[in-house]
Structure formats: C-alpha cells, structure tokens
$ cat final-v7.cif   # mmCIF, C-alpha atoms and all ligand atoms
data_query
#
loop_
_atom_site.label_atom_id
_atom_site.label_comp_id
_atom_site.auth_asym_id
_atom_site.auth_seq_id
_atom_site.Cartn_x
_atom_site.Cartn_y
_atom_site.Cartn_z
CA MET A 7 -15.40 -19.35 -26.84
CA PRO A 8 -12.95 -18.14 -24.18
CA PRO A 9 -14.63 -16.67 -21.09
CA ARG A 10 -15.30 -12.95 -21.41
CA LYS A 11 -12.79 -10.88 -19.48
CA GLN A 12 -14.54 -9.22 -16.60
CA GLY A 13 -14.06 -5.61 -15.55
CA PHE A 14 -12.42 -4.54 -12.31
CA SER A 15 -15.62 -3.73 -10.39
CA THR A 16 -17.18 -7.07 -11.34
CA LYS A 17 -14.08 -8.93 -10.19
CA ALA A 18 -14.02 -6.96 -6.93
CA VAL A 19 -17.56 -8.15 -6.16
CA HIS A 20 -17.36 -11.68 -7.58
CA ALA A 21 -13.85 -13.08 -8.06
CA ALA A 22 -13.47 -16.30 -5.99
CA ILE A 23 -16.74 -15.55 -4.17
CA GLU A 24 -19.20 -18.47 -4.48
CA PRO A 25 -22.35 -19.15 -2.44
CA ASP A 26 -21.49 -21.46 0.48
CA PRO A 27 -22.18 -25.01 -0.82
CA SER A 28 -23.73 -26.27 2.43
CA THR A 29 -26.17 -23.38 3.05
CA GLY A 30 -26.24 -21.06 0.04
CA THR A 31 -25.10 -17.97 1.98
CA ILE A 32 -24.21 -15.38 -0.65
CA MET A 33 -21.56 -13.85 1.60
CA THR A 34 -18.39 -15.76 2.39
CA PRO A 35 -18.70 -17.24 5.93
CA VAL A 36 -16.19 -16.35 8.65
CA HIS A 37 -14.60 -19.74 9.30
CA LEU A 38 -13.61 -19.48 12.95
CA THR A 39 -11.68 -22.67 13.48
CA SER A 40 -8.13 -23.63 14.36
CA THR A 41 -8.21 -27.09 12.80
CA TYR A 42 -10.13 -29.33 10.35
CA VAL A 43 -11.42 -32.89 10.71
CA GLN A 44 -9.67 -35.33 8.38
CA GLN A 45 -11.62 -38.21 6.82
CA GLU A 46 -8.81 -40.67 7.32
CA LEU A 47 -5.02 -40.50 7.47
CA GLY A 48 -3.88 -38.42 4.52
CA VAL A 49 -7.42 -37.62 3.29
CA ASN A 50 -8.83 -34.12 3.88
CA LYS A 51 -10.62 -31.29 2.08
CA GLY A 52 -7.44 -29.29 1.50
CA TYR A 53 -7.34 -27.74 4.96
CA GLU A 54 -5.32 -29.10 7.89
CA TYR A 55 -4.42 -26.31 10.31
CA ALA A 56 -5.54 -22.66 10.25
CA ARG A 57 -2.09 -21.07 10.32
CA VAL A 58 -1.45 -22.77 6.99
CA SER A 59 -4.82 -21.97 5.44
CA ASN A 60 -8.38 -20.93 6.26
CA PRO A 61 -11.32 -20.88 3.80
CA THR A 62 -12.23 -17.22 4.48
CA ARG A 63 -8.62 -16.18 4.02
CA THR A 64 -8.37 -18.31 0.86
CA VAL A 65 -11.26 -16.42 -0.75
CA LEU A 66 -9.60 -13.08 0.01
CA GLU A 67 -6.25 -14.34 -1.32
CA LYS A 68 -7.88 -15.45 -4.59
CA ASN A 69 -9.90 -12.26 -4.90
CA ILE A 70 -6.89 -9.93 -4.51
CA ALA A 71 -4.88 -12.07 -6.94
CA ALA A 72 -7.63 -11.46 -9.53
CA LEU A 73 -7.62 -7.70 -8.85
CA GLU A 74 -3.83 -7.35 -9.22
CA GLY A 75 -3.64 -9.75 -12.15
CA GLY A 76 -1.45 -12.26 -10.27
CA LYS A 77 -1.46 -16.04 -9.96
CA GLU A 78 -1.58 -16.11 -6.20
CA GLY A 79 -2.33 -13.87 -3.22
CA LEU A 80 -1.17 -14.30 0.38
CA ALA A 81 -2.78 -12.60 3.39
CA PHE A 82 -0.96 -11.42 6.51
CA GLY A 83 -1.94 -9.85 9.82
CA SER A 84 -0.67 -6.39 8.80
CA GLY A 85 1.20 -4.66 6.01
CA MET A 86 4.38 -4.89 8.08
CA ALA A 87 3.88 -8.65 8.62
CA ALA A 88 3.63 -9.01 4.84
CA ILE A 89 6.77 -6.92 4.21
CA THR A 90 8.68 -8.73 6.99
CA THR A 91 7.82 -12.06 5.39
CA ILE A 92 8.96 -10.84 1.95
CA PHE A 93 12.34 -9.75 3.39
CA HIS A 94 12.78 -13.34 4.64
CA LEU A 95 13.40 -14.28 1.00
CA LEU A 96 16.86 -12.78 1.71
CA LYS A 97 19.81 -14.24 3.54
CA SER A 98 22.54 -12.71 5.68
CA GLY A 99 24.87 -10.52 3.60
CA ASP A 100 22.26 -9.56 1.00
CA HIS A 101 21.79 -5.95 -0.07
CA VAL A 102 18.45 -4.29 -0.87
CA VAL A 103 17.87 -1.03 -2.77
CA LEU A 104 14.75 0.88 -1.69
CA SER A 105 12.98 4.13 -2.55
CA LYS A 106 14.34 6.82 -0.24
CA ASN A 107 10.95 7.75 1.16
CA VAL A 108 9.30 4.41 1.74
CA TYR A 109 6.72 4.06 4.50
CA GLY A 110 8.33 4.88 7.89
CA GLY A 111 7.66 1.36 9.19
CA THR A 112 9.51 -0.21 6.25
CA TYR A 113 12.46 2.10 6.88
CA ARG A 114 12.45 1.18 10.60
CA LEU A 115 12.22 -2.55 9.84
CA GLY A 116 15.24 -2.39 7.54
CA LYS A 117 17.44 0.06 9.42
CA LEU A 118 16.69 -0.87 13.04
CA VAL A 119 15.58 -4.52 12.98
CA LEU A 120 16.70 -6.60 10.00
CA ASN A 121 20.11 -4.87 9.80
CA GLN A 122 20.92 -6.86 12.95
CA PHE A 123 20.70 -10.06 10.89
CA GLY A 124 23.31 -8.95 8.36
CA LEU A 125 20.92 -7.48 5.78
CA ASP A 126 21.94 -4.20 4.19
CA PHE A 127 19.22 -1.70 3.22
CA GLU A 128 20.18 1.24 1.00
CA PHE A 129 17.74 4.04 0.29
CA VAL A 130 18.06 5.96 -2.99
CA ASP A 131 16.01 8.45 -4.99
CA THR A 132 14.17 6.08 -7.35
CA THR A 133 12.39 8.91 -9.19
CA ASP A 134 15.60 8.75 -11.26
CA VAL A 135 15.95 5.00 -11.91
CA ARG A 136 19.65 5.42 -12.75
CA ASN A 137 20.19 5.71 -8.99
CA ILE A 138 19.06 2.08 -8.69
CA SER A 139 21.64 0.94 -11.25
CA TYR A 140 24.39 2.94 -9.50
CA ALA A 141 23.55 1.30 -6.15
CA ILE A 142 23.63 -2.30 -7.41
CA ARG A 143 26.51 -4.44 -6.09
CA PRO A 144 27.25 -8.18 -6.39
CA SER A 145 25.33 -8.75 -3.12
CA THR A 146 22.20 -6.86 -4.28
CA LYS A 147 19.20 -9.22 -4.40
CA MET A 148 16.13 -7.04 -4.22
CA VAL A 149 14.70 -3.66 -5.20
CA PHE A 150 11.76 -2.28 -3.20
CA ILE A 151 9.75 0.64 -4.59
CA GLU A 152 6.91 2.77 -3.35
CA THR A 153 5.04 4.91 -5.89
CA PRO A 154 3.44 7.32 -5.24
CA THR A 155 5.66 7.79 -2.19
CA ASN A 156 4.60 8.66 1.29
CA PRO A 157 4.23 11.55 1.97
CA THR A 158 5.80 13.57 -0.86
CA MET A 159 3.88 11.83 -3.66
CA GLU A 160 6.85 11.17 -5.93
CA ILE A 161 6.45 8.74 -8.83
CA THR A 162 8.87 6.01 -9.91
CA ASP A 163 8.83 4.53 -13.42
CA LEU A 164 7.80 0.92 -12.75
CA LYS A 165 8.49 -0.40 -16.25
CA ALA A 166 12.05 0.94 -16.03
CA VAL A 167 12.52 -0.59 -12.56
CA ALA A 168 11.29 -3.98 -13.80
CA LYS A 169 13.79 -3.82 -16.67
CA ILE A 170 16.73 -3.03 -14.38
CA ALA A 171 15.66 -5.75 -11.94
CA LYS A 172 15.44 -8.37 -14.71
CA ALA A 173 18.81 -7.42 -16.19
CA ASN A 174 20.46 -7.74 -12.76
CA LYS A 175 18.47 -10.78 -11.52
CA LEU A 176 16.92 -8.85 -8.64
CA VAL A 177 13.49 -9.54 -7.15
CA SER A 178 11.42 -6.38 -7.69
CA ILE A 179 8.78 -5.41 -5.14
CA VAL A 180 6.25 -2.58 -5.21
CA ASP A 181 4.33 -1.39 -2.18
CA ASN A 182 1.09 -0.51 -3.99
CA THR A 183 -0.81 0.69 -0.92
CA PHE A 184 -1.27 4.32 -2.02
CA ALA A 185 -2.59 3.53 -5.49
CA SER A 186 -4.60 0.35 -4.74
CA PRO A 187 -5.11 -2.22 -7.52
CA TYR A 188 -7.87 -0.02 -8.96
CA LEU A 189 -5.36 2.63 -10.04
CA GLN A 190 -2.11 0.74 -10.65
CA ASN A 191 -1.10 -2.88 -11.40
CA PRO A 192 2.70 -3.26 -11.09
CA LEU A 193 2.69 -6.97 -12.10
CA ALA A 194 1.43 -5.99 -15.56
CA LEU A 195 4.45 -3.66 -15.86
CA GLY A 196 6.90 -6.51 -15.14
CA ILE A 197 7.29 -6.19 -11.36
CA ASP A 198 7.70 -9.51 -9.47
CA ILE A 199 5.84 -8.91 -6.20
CA VAL A 200 3.12 -6.47 -5.14
CA VAL A 201 2.47 -5.79 -1.46
CA HIS A 202 -0.40 -3.87 0.15
CA SER A 203 -1.24 -2.63 3.56
CA ALA A 204 -4.87 -3.80 3.27
CA THR A 205 -5.47 -1.62 6.33
CA LYS A 206 -5.74 1.33 3.95
CA TYR A 207 -7.77 1.57 0.71
CA LEU A 208 -8.48 -2.15 0.23
CA ASN A 209 -10.44 -2.47 3.45
CA GLY A 210 -11.21 1.23 3.34
CA HIS A 211 -13.18 1.60 6.57
CA SER A 212 -10.44 2.10 9.18
CA ASP A 213 -11.57 -0.94 11.15
CA MET A 214 -8.94 -3.64 10.60
CA LEU A 215 -5.25 -4.25 9.89
CA GLY A 216 -4.02 -6.55 7.15
CA GLY A 217 -1.33 -7.12 4.56
CA LEU A 218 -1.59 -8.72 1.10
CA VAL A 219 1.09 -10.03 -1.25
CA ILE A 220 0.41 -10.86 -4.91
CA LEU A 221 2.77 -12.50 -7.40
CA ASN A 222 3.14 -14.77 -10.44
CA ASP A 223 6.47 -16.58 -10.17
CA ALA A 224 5.96 -20.23 -9.12
CA ARG A 225 9.26 -20.50 -7.24
CA LEU A 226 8.65 -17.30 -5.27
CA ILE A 227 5.05 -18.38 -4.54
CA GLU A 228 6.27 -21.67 -3.09
CA ARG A 229 8.89 -19.99 -0.93
CA LEU A 230 6.49 -17.27 0.34
CA ARG A 231 3.81 -19.86 1.21
CA PHE A 232 6.49 -21.72 3.18
CA LEU A 233 7.56 -18.49 4.93
CA GLN A 234 3.93 -17.53 5.63
CA LYS A 235 3.25 -20.70 7.60
CA SER A 236 6.73 -20.81 9.14
CA ILE A 237 6.73 -17.22 10.45
CA GLY A 238 2.98 -17.28 11.16
CA GLY A 239 2.08 -13.60 10.67
CA ILE A 240 -1.24 -14.57 9.09
CA LEU A 241 -4.52 -12.67 8.73
CA SER A 242 -7.37 -13.78 11.01
CA PRO A 243 -10.61 -15.07 9.42
CA PHE A 244 -12.64 -12.13 10.71
CA GLU A 245 -10.17 -9.56 9.34
CA ALA A 246 -10.15 -11.47 6.04
CA TRP A 247 -13.95 -11.18 5.96
CA LEU A 248 -13.88 -7.45 6.74
CA CYS A 249 -11.33 -6.91 3.97
CA LEU A 250 -13.41 -8.88 1.45
CA ARG A 251 -16.40 -6.77 2.39
CA GLY A 252 -14.38 -3.58 1.93
CA ILE A 253 -12.95 -4.61 -1.44
CA LYS A 254 -16.44 -4.98 -2.97
CA THR A 255 -16.78 -1.16 -2.95
CA LEU A 256 -13.14 -0.33 -3.77
CA SER A 257 -13.84 1.04 -7.25
CA VAL A 258 -16.66 3.39 -6.21
CA ARG A 259 -14.71 4.59 -3.20
CA MET A 260 -11.56 5.20 -5.24
CA ASP A 261 -13.49 7.18 -7.87
CA ARG A 262 -14.74 9.50 -5.11
CA HIS A 263 -11.32 9.65 -3.37
CA CYS A 264 -9.71 10.70 -6.68
CA ALA A 265 -12.36 13.29 -7.54
CA ASN A 266 -12.33 14.84 -4.05
CA ALA A 267 -8.52 14.86 -3.88
CA MET A 268 -8.28 16.65 -7.23
CA GLU A 269 -10.60 19.42 -5.99
CA VAL A 270 -8.76 19.70 -2.67
CA ALA A 271 -5.37 19.84 -4.47
CA LEU A 272 -6.61 22.63 -6.77
CA PHE A 273 -8.04 24.55 -3.81
CA LEU A 274 -4.80 24.24 -1.82
CA SER A 275 -2.61 25.19 -4.77
CA ARG A 276 -4.55 28.47 -5.11
CA HIS A 277 -4.43 29.31 -1.38
CA ARG A 278 -1.92 32.01 -0.43
CA LYS A 279 -0.94 30.33 2.87
CA VAL A 280 0.03 27.08 1.16
CA VAL A 281 3.65 27.14 -0.03
CA LYS A 282 3.53 23.95 -2.12
CA VAL A 283 1.11 21.11 -2.94
CA ASN A 284 2.25 17.57 -3.77
CA TYR A 285 -0.38 15.75 -5.85
CA PRO A 286 0.43 13.79 -9.02
CA GLY A 287 -2.87 14.90 -10.59
CA LEU A 288 -1.68 18.51 -10.79
CA MET A 289 -0.17 19.50 -14.14
CA LYS A 290 2.75 21.13 -12.33
CA HIS A 291 3.67 17.93 -10.45
CA PRO A 292 7.14 17.09 -11.85
CA GLN A 293 6.05 13.56 -12.83
CA HIS A 294 2.46 14.22 -13.81
CA ARG A 295 2.91 12.61 -17.23
CA LEU A 296 4.52 9.46 -15.86
CA ALA A 297 1.73 9.17 -13.28
CA ALA A 298 -0.86 9.54 -16.04
CA GLN A 299 0.87 6.75 -18.00
CA GLN A 300 1.22 4.11 -15.31
CA MET A 301 -1.84 4.94 -13.16
CA ARG A 302 -5.54 5.07 -14.04
CA GLY A 303 -6.16 7.92 -11.59
CA PHE A 304 -4.13 9.98 -9.16
CA GLY A 305 -5.45 8.70 -5.84
CA GLY A 306 -6.66 10.28 -2.63
CA MET A 307 -3.37 11.26 -0.98
CA ILE A 308 -2.06 14.84 -0.91
CA SER A 309 0.67 16.56 1.04
CA PHE A 310 1.28 20.29 1.33
CA GLU A 311 3.80 22.66 2.83
CA LEU A 312 2.79 25.37 5.29
CA GLY A 313 6.30 26.75 5.91
CA ASN A 314 7.17 25.77 9.48
CA LEU A 315 6.17 23.70 12.51
CA ALA A 316 4.21 26.51 14.22
CA LYS A 317 2.03 26.97 11.14
CA ALA A 318 1.45 23.23 10.74
CA LYS A 319 0.50 22.99 14.43
CA ALA A 320 -1.90 25.93 14.21
CA PHE A 321 -3.57 24.41 11.16
CA LEU A 322 -3.87 20.91 12.63
CA LYS A 323 -5.39 22.34 15.81
CA ARG A 324 -8.14 24.12 13.90
CA VAL A 325 -9.47 21.39 11.60
CA ARG A 326 -12.82 19.95 12.71
CA LEU A 327 -14.13 17.59 10.01
CA CYS A 328 -10.65 16.36 9.04
CA ALA A 329 -9.46 14.11 11.87
CA LEU A 330 -5.87 14.35 13.09
CA ALA A 331 -4.75 10.73 12.92
CA GLU A 332 -2.16 8.40 11.43
CA SER A 333 -3.20 5.96 8.70
CA LEU A 334 -5.02 6.62 5.43
CA GLY A 335 -7.34 5.18 2.85
CA GLY A 336 -10.52 5.18 4.95
CA VAL A 337 -13.85 6.77 4.01
CA GLU A 338 -13.20 9.67 6.40
CA THR A 339 -10.68 12.44 5.73
CA LEU A 340 -7.57 12.04 7.88
CA ILE A 341 -4.85 14.58 8.27
CA SER A 342 -1.40 14.05 9.77
CA HIS A 343 2.02 15.55 10.42
CA PRO A 344 4.60 13.15 8.92
CA ALA A 345 7.67 14.65 10.66
CA THR A 346 6.33 13.89 14.15
CA MET A 347 3.96 11.02 13.33
CA THR A 348 4.63 8.49 10.52
CA HIS A 349 8.29 9.52 10.01
CA ALA A 350 9.30 10.12 13.64
CA SER A 351 11.74 7.19 13.50
CA VAL A 352 13.64 8.75 10.58
CA PRO A 353 16.56 10.95 11.82
CA ALA A 354 15.92 14.72 11.38
CA ALA A 355 18.68 15.24 8.79
CA GLU A 356 17.37 12.37 6.66
CA ARG A 357 13.80 13.63 7.03
CA GLN A 358 14.86 17.00 5.58
CA ALA A 359 16.69 15.23 2.74
CA ILE A 360 13.56 13.33 1.72
CA GLY A 361 11.33 16.40 1.88
CA VAL A 362 9.55 15.55 5.14
CA THR A 363 9.87 19.08 6.50
CA ASP A 364 8.39 20.37 9.78
CA GLY A 365 5.79 22.37 7.86
CA LEU A 366 4.54 19.44 5.77
CA VAL A 367 0.96 18.21 6.29
CA ARG A 368 -0.41 14.99 4.77
CA MET A 369 -4.02 14.46 3.88
CA SER A 370 -5.93 11.28 3.12
CA VAL A 371 -8.94 12.79 1.38
CA GLY A 372 -12.11 10.89 2.29
CA ILE A 373 -15.38 10.36 0.45
CA GLU A 374 -17.39 13.05 2.26
CA ASP A 375 -19.05 15.88 0.29
CA VAL A 376 -16.08 17.79 -1.05
CA GLY A 377 -17.68 21.15 -0.18
CA ASP A 378 -17.59 20.23 3.50
CA ILE A 379 -13.90 19.23 3.30
CA LEU A 380 -13.02 22.50 1.53
CA GLU A 381 -14.95 24.54 4.10
CA ASP A 382 -13.03 22.85 6.94
CA LEU A 383 -9.69 23.56 5.23
CA LYS A 384 -10.67 27.18 4.53
CA LEU A 385 -11.50 27.82 8.19
CA ALA A 386 -8.38 26.04 9.49
CA LEU A 387 -6.06 27.85 7.03
CA GLY A 388 -7.62 31.15 8.08
CA GLY A 389 -6.04 30.69 11.52
CA VAL A 390 -2.55 29.94 10.26
C1 LIG B 1 0.41 1.56 6.44
C2 LIG B 1 1.41 1.22 5.44
C3 LIG B 1 2.23 0.10 5.60
C4 LIG B 1 2.17 -0.79 6.82
O1 LIG B 1 0.95 -1.44 6.93
P1 LIG B 1 0.29 -1.88 8.33
O2 LIG B 1 -0.97 -2.54 7.91
O3 LIG B 1 0.09 -0.63 9.14
O4 LIG B 1 1.25 -2.80 8.99
C5 LIG B 1 3.13 -0.19 4.58
N1 LIG B 1 3.24 0.59 3.50
C6 LIG B 1 2.47 1.69 3.33
C7 LIG B 1 2.64 2.51 2.09
C8 LIG B 1 1.54 2.04 4.29
O5 LIG B 1 0.80 3.14 4.12
#

$ encode --input "final-v7.cif" --output "structure tokens" --more "lines below"
Ligand SMILES: *Cc1c(COP(=O)(O)O)cnc(C)c1O
Amino acid sequence: MPPRKQGFSTKAVHAAIEPDPSTGTIMTPVHLTSTYVQQELGVNKGYEYARVSNPTRTVLEKNIAALEGGKEGLAFGSGMAAITTIFHLLKSGDHVVLSKNVYGGTYRLGKLVLNQFGLDFEFVDTTDVRNISYAIRPSTKMVFIETPTNPTMEITDLKAVAKIAKANKLVSIVDNTFASPYLQNPLALGIDIVVHSATKYLNGHSDMLGGLVILNDARLIERLRFLQKSIGGILSPFEAWLCLRGIKTLSVRMDRHCANAMEVALFLSRHRKVVKVNYPGLMKHPQHRLAAQQMRGFGGMISFELGNLAKAKAFLKRVRLCALAESLGGVETLISHPATMTHASVPAAERQAIGVTDGLVRMSVGIEDVGDILEDLKLALGGV
C-alpha cells in the first residue's frame, strides 16, 4: 500500500522532523557549530562545513519543500538574500520580466544594484499575462511574479504564466510570501521556483529574518545549491529553528488571519471615509474569481485608500492597537504607509502608476480578537 498522503497541518508539524537519535529530543536541536568532525579522509556524516549545510537548516529545508510540494528547499538569511541568489542564475545581458508592483526591495535590487552588472529588469502589469508575452525578447531568461501583489493586492494567473514561460524557455519564479504555502502552491500550477520571505507568515512571530526557495528541477537545484554556498547568504541555525517552530502553527494562524481580514475588509468597504478597499476576498475585487481558483483563502493583507497624505497621516497617528511598522505576517496587526515606507525607493511617478498613492494604507491583519481591531479602526477613522 502506498503511504497515505498527509494533510497540510500534519506536514507542517511533522515533515522531516524526527526525534534526535542521540537523545530523543522531540524538537529539532539548534546545531550551533561551524564545522563537523570527519571519521577519516573522505568519510563523514554528510556535513563538512556549516555554510554548505547545517542539520537544523536541513530540517527546515526539507519541511518547507514538503509544504510547497517541491523536491528541495534552500534556506537563506533573508528574503532578499534568497532573491539575490536566484538572480545569480542569470548572466550579463539577460533580461527579466517582473510584475510591476513587486516588493520594493526586489525592485531596488533589480533597478539600482544588479542593473550595474548588465542585467535588464523590466516591470509590466502581469494581471494581464499578454503583457509578459509582449515584453519577451531573445535575451529574456526569467519571469518573476508576485501574487497577490504588495500593496495593491492584484492577482496574476499563475497557470497562464507557467505556460508562457515554458513556451519561451524562461525560468518562472513566484514570490509566494503574501499567500504562504497554506493558501497557494505555485509549483503545482507549473511554476519553476517559489521564493518566500520567511520573515513574514512562515515564521509568523516578527522575531527573525529568513528566506526560503523551493523547486523541483534537478539542474536548477544543483545550480542554486552551488550559488547558496558560493555567495554564502545562508540562514543561521537559530533562525532556522525559530522558523521551524513558527511553521508548526502556520495553518491555524492563517485561518485566523483570513477570517479577521475578511471582516476588516467588509468593515472598511462600508465606511464612508474609505475611498477604496483592495482585498481579493471581496466580490468586487476585479480578480476575485481568479483568486478563488488559485488560492485556498484570501490571506491577511489589505490595503485601502483614504484620499490623500494628510488623511493617511491623521489615521496612522490615531491607531493604538494596530502598530505603525513595516513588515507583515506576524500575529500582531501592523499598519503601514507604502508610499513613504516600503515603496520609498520607487520614483513618485512610478509609484502613482502602480497605484501606490499618498493616501494608501496597508494593513497586515493579525490574529487578535477581530472586535478589538475593528474598534481601533473605527476610532482612528473617526479622526480623519
Ligand atoms: C519582506 C518581503 C521580501 C523581502 O524579505 P526579507 O526577509 O525582508 O529580506 C520579499 N518579498 C516580499 C513579498 C516581502 O514581503
């Protein structure tokens, strides 16, 4: 009989996690070591030097691979370290097509850092996948998608992207940070590489930074392993342990994030001082149906328009429970102002073009009692 396929929550708690053979500890130990003793020349237990591999990190890499349905996972010191390493699959002269409102750090890396090495990053509106086809040139090697996007919550059709990428021999990459593997699995839709900022939902407790990459293709796995040890942007054993600990509760946290966000989105969409709400769970979201098809839930991220900078400022000054901070995906509700925070490195004209207006507020809805979140919003909106 083939082994029974386990559910997501069971895998989150158990995949790759075995009691420590020497002591029986049920929790994966934090292996704080830089090197490993070898039995004799050429004989070891699979570990030689900790930049290359570490047993705590290995468990996390195997666990996330199981959650995303990939063959292998690779852990990095931050989401940006993971994305930087992926872009090293390219060589000078290569062209990359990206979603126009990718994470601000990804935009900065492409436009202000890697462009200096002869790489060409082009940002297009991937909500209409034809824009990807139009942008492809002979030098195009990669397509990089974020869905839902930050902060306007636009959805890109991942199956369609995978098809275009295959037809044009491009490596397709999805930054799956906003959805988490609980809500969306791009590899199953034909995407080549999934990347996460584990700093966000995967760890979920706002107490570490990390990046994870998951993929199936043997050739790409070999190259990325080589790049991981060559560039050295690896995840530390303690951060790997924190992330493993966070992942065990991912499914219960995400259920609450989704339920709370839905209530907050409905509340905001009925409030007279809110001009517009961006949440894929709302029926009036332009891609609600696509989101419902390729995601198992709509996530905990919302953005909404208050009209202008003065109104956004007044609102952000008055919130008490919701903390004004960058980042997302933690248990506590965080609220931010993309135009001056996460997207400050994007030129003003481009910010307007991608919908990051001065009156836009982003919310990472936490797992608190939703009544308390709504009360805080009600009071803060009253002063706008
Ligand atoms: C935060 C974030 C990143 C970068 O991750 P770090 O861990 O902060 O380096 C990349 N993509 C998205 C969508 C993010 O939210």

$ atom_distance --input "final-v7.cif" --atom1 "CA of Thr205 (chain A)" --atom2 "CA of Glu128 (chain A)"
26.4 Å

$ residues_near_ligand --input "final-v7.cif" --ligand "ligand LIG 1 (chain B)" --cutoff "8 Å" --atoms "all atoms listed in the file" --output "ChimeraX atom specification"
/A:83-89,108-112,152,155-156,181-184,202-206,215-217,333-334

$ residues_around --input "final-v7.cif" --residues "region 227-231 of chain A" --least-positions-apart "4" --cutoff "8 Å" --atoms "only C-alpha atoms" --output "ChimeraX atom specification"
/A:78,80,91-92,95,221-223,235

$ residues_near_point --input "final-v7.cif" --point "(18.8, -9.0, 9.2)" --cutoff "9 Å" --atoms "only C-alpha atoms" --output "VMD selection string"
chain A and resid 93 to 94 96 to 100 116 119 to 126

$ residues_around --input "final-v7.cif" --residues "Arg324 (chain A)" --least-positions-apart "5" --cutoff "8 Å" --atoms "all atoms listed in the file" --output "PyMOL selection string"
chain A and resi 385-386+389

$ closest_residue --input "final-v7.cif" --among "A:Arg262, A:Thr90, A:Leu115, A:Glu160" --to "His291 (chain A)" --atoms "only C-alpha atoms"
A:Glu160

$ atom_distance --input "final-v7.cif" --atom1 "CA of Asn314 (chain A)" --atom2 "CA of Leu366 (chain A)"
7.8 Å

$ atom_distance --input "final-v7.cif" --atom1 "CA of Met347 (chain A)" --atom2 "CA of Ala331 (chain A)"
8.7 Å

$ decode --input "final-v7.cif" --residues "region 358-371 of chain A" --atoms "N, CA, C and O atoms" --output "PDB file, in the first residue's frame"
ATOM      1  N   GLN A 358       2.774  56.290  -8.496  1.00  0.00           N
ATOM      2  CA  GLN A 358       1.403  56.625  -8.912  1.00  0.00           C
ATOM      3  C   GLN A 358       0.909  55.609  -9.931  1.00  0.00           C
ATOM      4  O   GLN A 358      -0.201  55.109  -9.830  1.00  0.00           O
ATOM      5  N   ALA A 359       1.788  55.278 -10.882  1.00  0.00           N
ATOM      6  CA  ALA A 359       1.406  54.365 -11.973  1.00  0.00           C
ATOM      7  C   ALA A 359       1.050  52.975 -11.449  1.00  0.00           C
ATOM      8  O   ALA A 359       0.218  52.280 -12.040  1.00  0.00           O
ATOM      9  N   ILE A 360       1.653  52.551 -10.351  1.00  0.00           N
ATOM     10  CA  ILE A 360       1.348  51.217  -9.826  1.00  0.00           C
ATOM     11  C   ILE A 360       0.316  51.265  -8.707  1.00  0.00           C
ATOM     12  O   ILE A 360       0.070  50.264  -8.041  1.00  0.00           O
ATOM     13  N   GLY A 361      -0.277  52.428  -8.500  1.00  0.00           N
ATOM     14  CA  GLY A 361      -1.383  52.526  -7.536  1.00  0.00           C
ATOM     15  C   GLY A 361      -0.952  52.772  -6.104  1.00  0.00           C
ATOM     16  O   GLY A 361      -1.776  52.713  -5.186  1.00  0.00           O
ATOM     17  N   VAL A 362       0.347  53.020  -5.893  1.00  0.00           N
ATOM     18  CA  VAL A 362       0.818  53.312  -4.531  1.00  0.00           C
ATOM     19  C   VAL A 362       0.700  54.828  -4.319  1.00  0.00           C
ATOM     20  O   VAL A 362       1.656  55.582  -4.420  1.00  0.00           O
ATOM     21  N   THR A 363      -0.543  55.249  -4.047  1.00  0.00           N
ATOM     22  CA  THR A 363      -0.845  56.667  -3.903  1.00  0.00           C
ATOM     23  C   THR A 363      -0.497  57.138  -2.492  1.00  0.00           C
ATOM     24  O   THR A 363      -0.272  56.325  -1.596  1.00  0.00           O
ATOM     25  N   ASP A 364      -0.475  58.461  -2.296  1.00  0.00           N
ATOM     26  CA  ASP A 364      -0.128  59.022  -0.987  1.00  0.00           C
ATOM     27  C   ASP A 364      -1.184  58.729   0.078  1.00  0.00           C
ATOM     28  O   ASP A 364      -0.900  58.782   1.266  1.00  0.00           O
ATOM     29  N   GLY A 365      -2.407  58.417  -0.372  1.00  0.00           N
ATOM     30  CA  GLY A 365      -3.472  58.153   0.594  1.00  0.00           C
ATOM     31  C   GLY A 365      -3.658  56.669   0.888  1.00  0.00           C
ATOM     32  O   GLY A 365      -4.575  56.271   1.603  1.00  0.00           O
ATOM     33  N   LEU A 366      -2.780  55.830   0.342  1.00  0.00           N
ATOM     34  CA  LEU A 366      -2.951  54.377   0.500  1.00  0.00           C
ATOM     35  C   LEU A 366      -2.330  53.880   1.814  1.00  0.00           C
ATOM     36  O   LEU A 366      -1.192  54.204   2.135  1.00  0.00           O
ATOM     37  N   VAL A 367      -3.094  53.084   2.539  1.00  0.00           N
ATOM     38  CA  VAL A 367      -2.645  52.486   3.805  1.00  0.00           C
ATOM     39  C   VAL A 367      -2.679  50.973   3.641  1.00  0.00           C
ATOM     40  O   VAL A 367      -3.605  50.428   3.046  1.00  0.00           O
ATOM     41  N   ARG A 368      -1.634  50.297   4.137  1.00  0.00           N
ATOM     42  CA  ARG A 368      -1.589  48.832   4.059  1.00  0.00           C
ATOM     43  C   ARG A 368      -1.734  48.241   5.452  1.00  0.00           C
ATOM     44  O   ARG A 368      -1.201  48.786   6.417  1.00  0.00           O
ATOM     45  N   MET A 369      -2.470  47.149   5.511  1.00  0.00           N
ATOM     46  CA  MET A 369      -2.692  46.510   6.800  1.00  0.00           C
ATOM     47  C   MET A 369      -2.338  45.038   6.729  1.00  0.00           C
ATOM     48  O   MET A 369      -2.755  44.334   5.822  1.00  0.00           O
ATOM     49  N   SER A 370      -1.545  44.580   7.706  1.00  0.00           N
ATOM     50  CA  SER A 370      -1.323  43.152   7.880  1.00  0.00           C
ATOM     51  C   SER A 370      -2.175  42.770   9.072  1.00  0.00           C
ATOM     52  O   SER A 370      -1.837  43.071  10.224  1.00  0.00           O
ATOM     53  N   VAL A 371      -3.331  42.165   8.790  1.00  0.00           N
ATOM     54  CA  VAL A 371      -4.302  41.895   9.858  1.00  0.00           C
ATOM     55  C   VAL A 371      -3.800  40.730  10.713  1.00  0.00           C
ATOM     56  O   VAL A 371      -3.511  39.652  10.201  1.00  0.00           O
TER      57      VAL A 371
END
